[in-house]
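Asker: So here's entry33.cif, just mmCIF, C-alpha atoms:
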```
data_target
loop_
_atom_site.label_atom_id
_atom_site.label_comp_id
_atom_site.auth_asym_id
_atom_site.auth_seq_id
_atom_site.Cartn_x
_atom_site.Cartn_y
_atom_site.Cartn_z
CA MET A 1 15.38 0.10 -7.56
CA PHE A 2 15.81 3.72 -8.52
CA THR A 3 19.07 5.15 -9.82
CA PRO A 4 20.34 8.75 -9.48
CA ASN A 5 18.44 9.79 -12.62
CA SER A 6 15.22 8.03 -11.74
CA LEU A 7 13.47 10.36 -9.30
CA ALA A 8 13.53 14.01 -8.27
CA VAL A 9 11.27 16.40 -6.39
CA ALA A 10 9.86 18.86 -8.92
CA TYR A 11 8.60 22.40 -8.41
CA ARG A 12 7.42 25.29 -10.54
CA ASN A 13 7.70 28.09 -8.01
CA SER A 14 9.81 28.57 -4.93
CA ASP A 15 8.29 26.39 -2.23
CA THR A 16 9.77 25.63 1.20
CA HIS A 17 7.72 22.42 1.33
CA VAL A 18 9.59 21.17 -1.73
CA VAL A 19 12.94 21.86 -0.08
CA GLU A 20 11.87 20.03 3.08
CA LEU A 21 10.52 17.08 1.09
CA ALA A 22 13.69 16.76 -0.99
CA GLU A 23 15.85 16.89 2.13
CA ARG A 24 13.73 14.28 3.93
CA LEU A 25 13.99 11.87 1.02
CA ALA A 26 17.58 12.78 0.06
CA LEU A 27 16.42 13.49 -3.48
CA PRO A 28 17.50 16.22 -5.92
CA LYS A 29 15.24 19.22 -6.59
CA PHE A 30 14.21 19.93 -10.17
CA ARG A 31 12.61 23.12 -11.48
CA LEU A 32 9.90 22.09 -13.95
CA THR A 33 9.64 24.65 -16.76
CA THR A 34 8.03 22.51 -19.48
CA GLU A 35 5.25 19.97 -19.89
CA LEU A 36 5.97 16.57 -18.34
CA LYS A 37 6.39 14.95 -21.75
CA PHE A 38 9.37 17.21 -22.43
CA ALA A 39 10.98 16.82 -19.01
CA THR A 40 13.35 13.93 -19.64
CA GLN A 41 16.13 14.76 -17.19
CA TYR A 42 14.50 12.37 -14.69
CA ASP A 43 12.35 9.30 -15.27
CA TYR A 44 9.92 10.20 -12.47
CA LEU A 45 9.02 13.36 -10.61
CA LEU A 46 7.46 13.72 -7.18
CA MET A 47 5.41 16.91 -7.33
CA HIS A 48 2.30 18.76 -6.23
CA GLN A 49 -0.52 18.81 -8.75
CA ASP A 50 -4.10 19.96 -8.10
CA ASP A 51 -3.40 20.18 -4.36
CA ALA A 52 -2.17 16.57 -4.16
CA LEU A 53 1.28 15.03 -4.00
CA VAL A 54 1.71 12.83 -7.08
CA ILE A 55 4.33 10.65 -8.69
CA ALA A 56 4.56 11.41 -12.41
CA LYS A 57 6.40 9.61 -15.17
CA THR A 58 8.07 11.89 -17.67
CA GLY A 59 8.43 11.60 -21.43
CA LYS A 60 5.97 11.12 -24.27
CA GLY A 61 3.11 8.66 -23.77
CA ALA A 62 3.52 8.66 -20.00
CA PRO A 63 0.53 7.46 -17.97
CA LYS A 64 -1.50 9.75 -15.75
CA PRO A 65 0.29 10.76 -12.51
CA VAL A 66 -0.63 8.68 -9.48
CA CYS A 67 -1.53 9.85 -6.01
CA VAL A 68 -3.18 8.35 -2.94
CA GLU A 69 -6.86 9.08 -3.49
CA LEU A 70 -9.29 7.54 -1.02
CA ALA A 71 -12.32 9.82 -1.28
CA SER A 72 -13.19 9.37 -4.96
CA GLY A 73 -12.65 7.22 -8.02
CA ALA A 74 -12.13 3.47 -7.87
CA VAL A 75 -11.54 3.39 -4.11
CA ASP A 76 -14.77 5.23 -3.35
CA HIS A 77 -16.67 3.00 -5.78
CA ARG A 78 -15.29 -0.07 -4.04
CA ARG A 79 -16.39 1.31 -0.67
CA LYS A 80 -19.95 1.79 -1.90
CA PHE A 81 -20.37 -1.20 -4.19
CA GLY A 82 -17.45 -3.58 -3.54
CA GLY A 83 -19.36 -6.19 -1.56
CA GLY A 84 -18.60 -5.17 2.02
CA LYS A 85 -17.72 -8.09 4.26
CA GLY A 86 -18.37 -10.45 1.37
CA GLN A 87 -15.06 -9.44 -0.20
CA ASP A 88 -12.25 -11.99 -0.05
CA ILE A 89 -9.99 -9.62 1.87
CA ALA A 90 -12.66 -9.26 4.56
CA LYS A 91 -13.17 -13.03 4.79
CA ALA A 92 -9.41 -13.65 4.90
CA CYS A 93 -8.95 -11.20 7.77
CA GLY A 94 -11.84 -12.76 9.68
CA LEU A 95 -14.44 -10.02 9.48
CA ASN A 96 -17.12 -12.68 9.09
CA LYS A 97 -16.28 -13.61 12.70
CA ARG A 98 -15.50 -10.27 14.37
CA ALA A 99 -15.93 -6.64 13.33
CA ASP A 100 -13.63 -4.82 15.73
CA LEU A 101 -10.25 -6.16 14.66
CA SER A 102 -6.97 -4.30 14.97
CA VAL A 103 -4.81 -4.72 11.86
CA TYR A 104 -1.24 -3.93 10.89
CA ASP A 105 -0.94 -3.36 7.15
CA ALA A 106 2.78 -3.98 6.94
CA THR A 107 3.12 -3.09 3.23
CA ALA A 108 0.57 -0.31 2.85
CA GLY A 109 1.54 1.01 -0.60
CA LEU A 110 -1.23 3.33 -1.83
CA GLY A 111 -3.39 2.50 1.17
CA ARG A 112 -6.31 1.00 -0.72
CA ASP A 113 -6.59 -2.30 1.13
CA SER A 114 -6.14 -0.49 4.43
CA PHE A 115 -9.02 1.80 3.52
CA VAL A 116 -11.25 -1.16 2.70
CA LEU A 117 -10.52 -2.75 6.08
CA ALA A 118 -11.04 0.55 7.91
CA SER A 119 -14.36 1.07 6.10
CA LEU A 120 -15.45 -2.31 7.47
CA GLY A 121 -14.68 -1.35 11.06
CA CYS A 122 -11.04 -2.36 11.57
CA ASP A 123 -8.51 -0.14 13.32
CA VAL A 124 -5.67 -0.15 10.81
CA THR A 125 -2.07 0.90 11.35
CA LEU A 126 -0.26 1.45 8.05
CA PHE A 127 3.46 0.81 7.61
CA GLU A 128 5.40 1.84 4.49
CA ARG A 129 9.18 1.75 4.35
CA VAL A 130 9.75 3.28 0.88
CA GLY A 131 10.24 6.98 1.50
CA PHE A 132 8.44 8.54 -1.46
CA VAL A 133 5.52 6.10 -1.15
CA ARG A 134 5.18 6.99 2.52
CA GLU A 135 5.05 10.69 1.55
CA LEU A 136 2.27 9.93 -0.95
CA LEU A 137 0.40 8.06 1.79
CA PHE A 138 0.81 10.86 4.32
CA ASP A 139 -0.50 13.40 1.82
CA GLY A 140 -3.42 11.21 0.76
CA LEU A 141 -4.48 10.45 4.32
CA GLU A 142 -4.36 14.13 5.27
CA ARG A 143 -6.56 15.11 2.31
CA ALA A 144 -9.00 12.26 2.99
CA CYS A 145 -9.38 13.35 6.63
CA MET A 146 -10.90 16.60 5.39
CA VAL A 147 -13.70 14.84 3.49
CA ALA A 148 -16.79 14.71 5.72
CA ASP A 149 -18.25 11.67 3.96
CA ILE A 150 -15.38 9.41 5.07
CA GLU A 151 -14.30 11.17 8.25
CA ASP A 152 -15.43 8.23 10.39
CA ILE A 153 -13.38 5.79 8.28
CA MET A 154 -10.24 7.92 8.42
CA ALA A 155 -10.46 7.92 12.22
CA HIS A 156 -9.63 4.19 12.00
CA MET A 157 -6.42 4.71 9.96
CA THR A 158 -3.01 5.62 11.41
CA LEU A 159 0.26 5.96 9.50
CA ALA A 160 3.09 4.56 11.62
CA LYS A 161 6.73 5.49 11.61
CA GLY A 162 9.22 2.81 10.67
CA THR A 163 8.33 -0.78 9.75
CA ILE A 164 6.94 -3.81 11.54
CA PHE A 165 10.56 -4.81 12.20
CA ASP A 166 10.69 -1.86 14.59
CA ILE A 167 7.88 -3.42 16.68
CA SER A 168 9.18 -5.70 19.42
CA ASP A 169 5.99 -6.46 21.37
CA GLU A 170 4.72 -9.97 20.72
CA GLU A 171 1.05 -10.54 19.83
CA CYS A 172 0.20 -6.84 19.95
CA VAL A 173 -2.36 -6.76 17.12
CA ASP A 174 -5.19 -9.07 16.01
CA VAL A 175 -4.23 -9.45 12.33
CA VAL A 176 -1.14 -8.62 10.28
CA TYR A 177 -1.79 -8.06 6.58
CA LEU A 178 1.01 -8.47 4.02
CA ASP A 179 1.03 -7.62 0.33
CA PRO A 180 4.72 -7.63 -0.65
CA MET A 181 5.77 -6.56 -4.12
CA PHE A 182 6.19 -9.52 -6.47
CA PRO A 183 7.96 -9.63 -9.87
CA HIS A 184 5.66 -8.30 -12.57
CA ASN A 185 3.38 -10.62 -14.51
CA ASP A 186 3.00 -9.52 -18.13
CA LYS A 187 -0.42 -11.17 -18.28
CA SER A 188 -1.94 -8.54 -15.98
CA SER A 189 -4.18 -5.85 -17.42
CA ALA A 190 -2.80 -2.85 -19.28
CA ALA A 191 -4.46 -0.48 -16.80
CA VAL A 192 -2.72 -2.13 -13.87
CA LYS A 193 0.58 -2.05 -15.75
CA LYS A 194 0.37 1.71 -16.26
CA GLU A 195 -0.72 2.58 -12.74
CA MET A 196 1.82 0.34 -11.03
CA ALA A 197 4.69 1.20 -13.37
CA PHE A 198 6.39 3.51 -10.89
CA PHE A 199 6.25 0.86 -8.16
CA ARG A 200 7.91 -1.70 -10.40
CA ASP A 201 10.50 0.68 -11.78
CA LEU A 202 11.37 2.55 -8.60
CA VAL A 203 10.67 0.04 -5.84
CA GLY A 204 11.19 -3.28 -7.58
CA HIS A 205 10.01 -6.39 -5.75
CA ASP A 206 10.58 -7.01 -2.05
CA GLU A 207 13.61 -9.27 -2.10
CA ASP A 208 13.39 -9.71 1.67
CA ALA A 209 9.65 -10.43 1.61
CA ASP A 210 10.13 -13.87 3.18
CA ALA A 211 11.39 -12.21 6.37
CA LEU A 212 8.03 -10.46 6.76
CA LEU A 213 6.14 -13.65 7.58
CA PRO A 214 7.95 -14.78 10.76
CA GLN A 215 7.93 -11.20 12.08
CA ALA A 216 4.21 -10.90 11.32
CA MET A 217 3.47 -14.24 12.99
CA GLY A 218 5.13 -12.97 16.14
CA LEU A 219 3.03 -9.79 16.19
CA ALA A 220 -0.39 -11.24 15.31
CA ARG A 221 -2.69 -12.62 18.00
CA TYR A 222 -4.97 -14.49 15.63
CA ARG A 223 -3.76 -14.63 12.04
CA VAL A 224 -1.53 -13.33 9.28
CA VAL A 225 -3.03 -12.72 5.86
CA VAL A 226 -0.79 -12.62 2.77
CA LYS A 227 -2.05 -11.31 -0.56
CA ARG A 228 -0.32 -13.07 -3.46
CA PRO A 229 -0.57 -13.07 -7.25
CA LYS A 230 -1.93 -16.19 -8.88
CA GLY A 231 0.84 -18.76 -9.18
CA ALA A 232 3.20 -17.02 -6.76
CA PRO A 233 5.01 -19.26 -4.25
CA TYR A 234 4.02 -19.22 -0.62
CA LEU A 235 5.83 -16.58 1.40
CA ASP A 236 8.90 -18.03 3.13
CA ASN A 237 7.87 -21.38 1.57
CA GLN A 238 5.37 -21.79 4.41
CA GLU A 239 2.07 -23.40 3.48
CA PRO A 240 -0.88 -21.46 4.93
CA SER A 241 -3.67 -22.85 7.10
CA TYR A 242 -5.96 -22.21 4.15
CA ARG A 243 -6.28 -19.93 1.14
CA LEU A 244 -8.95 -17.97 -0.69
CA ASP A 245 -8.45 -18.03 -4.45
CA GLY A 246 -9.72 -15.26 -6.72
CA LYS A 247 -9.54 -14.66 -10.45
CA SER A 248 -6.10 -13.03 -10.51
CA GLY A 249 -4.76 -13.59 -7.02
CA ARG A 250 -5.32 -15.22 -3.67
CA PHE A 251 -5.16 -14.67 0.08
CA ASP A 252 -3.03 -17.07 2.12
CA VAL A 253 -4.27 -17.24 5.72
CA TYR A 254 -1.94 -18.33 8.54
CA VAL A 255 -4.02 -19.04 11.63
CA LYS A 256 -2.60 -18.93 15.16
CA ARG A 257 -5.90 -19.25 17.03
CA SER A 258 -9.57 -18.96 16.18
CA LEU A 259 -11.29 -15.58 16.22
CA ASP A 260 -14.54 -17.07 17.46
CA HIS A 261 -13.06 -19.77 19.71
CA GLY A 262 -14.40 -22.35 17.30
CA ALA A 263 -12.94 -24.40 14.52
CA GLU A 264 -11.38 -22.59 11.56
CA PRO A 265 -13.15 -23.19 8.26
CA SER A 266 -11.86 -25.87 5.97
CA ILE A 267 -11.38 -24.22 2.58
#
```
How would this structure read if it were set down as structure tokens?
Answerer:
Amino acid sequence: MFTPNSLAVAYRNSDTHVVELAERLALPKFRLTTELKFATQYDYLLMHQDDALVIAKTGKGAPKPVCVELASGAVDHRRKFGGGKGQDIAKACGLNKRADLSVYDATAGLGRDSFVLASLGCDVTLFERVGFVRELLFDGLERACMVADIEDIMAHMTLAKGTIFDISDEECVDVVYLDPMFPHNDKSSAAVKKEMAFFRDLVGHDEDADALLPQAMGLARYRVVVKRPKGAPYLDNQEPSYRLDGKSGRFDVYVKRSLDHGAEPSI
């Protein structure tokens, strides 16, 4: 988790938005007068760059700043060429059975999986409890809503306040999707290491991740889907109804009732 010297809100010119952001997150403000590689007072800076809110690592050799970008790059490529409903995440959530599912993404992060599900027709509510990550999400969703090419997809995405623990209604959504942070695996690719560095350093792993599963089971009408790294233990030590294994990870599917009123697949 971050320490007092880990993260600040940076600015170059006087900006009331910076003041408001720093106050919302209870973070210090930092006037950036040099290049990032020379700004070593803080490990990470939350700042506006090229009209986007980004999280930037400071110091020499730092990776490229990260923002929530849904309209271009890898996310856009996945939308166009990622395999549609043939993707494991789509199968795990049951999109091979129904196309109009409502989904809670309880650990939304950078919003990429939510965007995939929304692009396939799901109505997705995103939850993110880490303050600065939620600010990145809010900024990214706002920018994406202004892109005509994905306007219809963005209409299916809503950023919620609070967490799923603030929801008391039972069985109020079709599917709950969970992707809790897990201790880093050094065998993962260098590119993933760089991009996810700020999550690992600032957020750490979700030590209370096991508590997510029973809450999610209470909220889901049909199933809970948990994304896990390869070799990771089952969440809350609960064996799923079935699992879909990929090259580097898997989806554990906890079924409450069938989406098509038939038998669940045996996988």
Asker: Given the file above and the PyMOL selection byres ((chain A and resi 137-146) around 8), which residues are selected, and can you give them as number ranges by chain?
Answerer: A: 52-53, 67-71, 109-111, 133-136, 147-148, 150-151, 154-155, 159
Asker: Could you list, as a PyMOL selection string, every residue matched by the PyMOL selection byres ((chain A and resi 6-22) around 9) in this structure?
Answerer: chain A and resi 1-5+23-33+41-48+135+201-202
Asker: So, counting only C-alpha atoms, which residue among A:Ser248, A:Gln215, A:Asn96, A:Thr158 is closest to Thr125 of chain A?
Answerer: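 Counting only C-alpha atoms, the residue closest to Thr125 of chain A is A:Thr158.
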Asker: Nearest to Thr107 of chain A: which of A:Gly94, A:Gly162, A:Pro233, A:Gly82 is it, counting only C-alpha atoms?
Answerer: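 Among the listed residues, A:Gly162 lies closest to Thr107 of chain A.
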Asker: Using all atoms listed in the file, which residue out of A:Gly84, A:Gly121, A:Gly249, A:Gly61 lies closest to Lys230 of chain A?
Answerer: A:Gly249
Asker: What is the distance, in Å and to one decimal place, between atom CA of Tyr234 of chain A and atom CA of Leu213 of chain A?
Answerer: 10.1 Å
Asker: Can you pull out the residues contacting Lys85 of chain A? Cut-off 8 Å, using only C-alpha atoms, and skip same-chain residues under 6 positions away; I want them as JSON, numbers by chain.
Answerer: {"A": [91, 95, 96, 120]}
Asker: Excluding same-chain residues fewer than 3 positions from Ser102 of chain A, what lies within 7 Å of it counting only C-alpha atoms, as a list in words?
Answerer: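 My reading of the contact set: Cys122, Asp123, Val124, Val173, Asp174 and Val175 of chain A.
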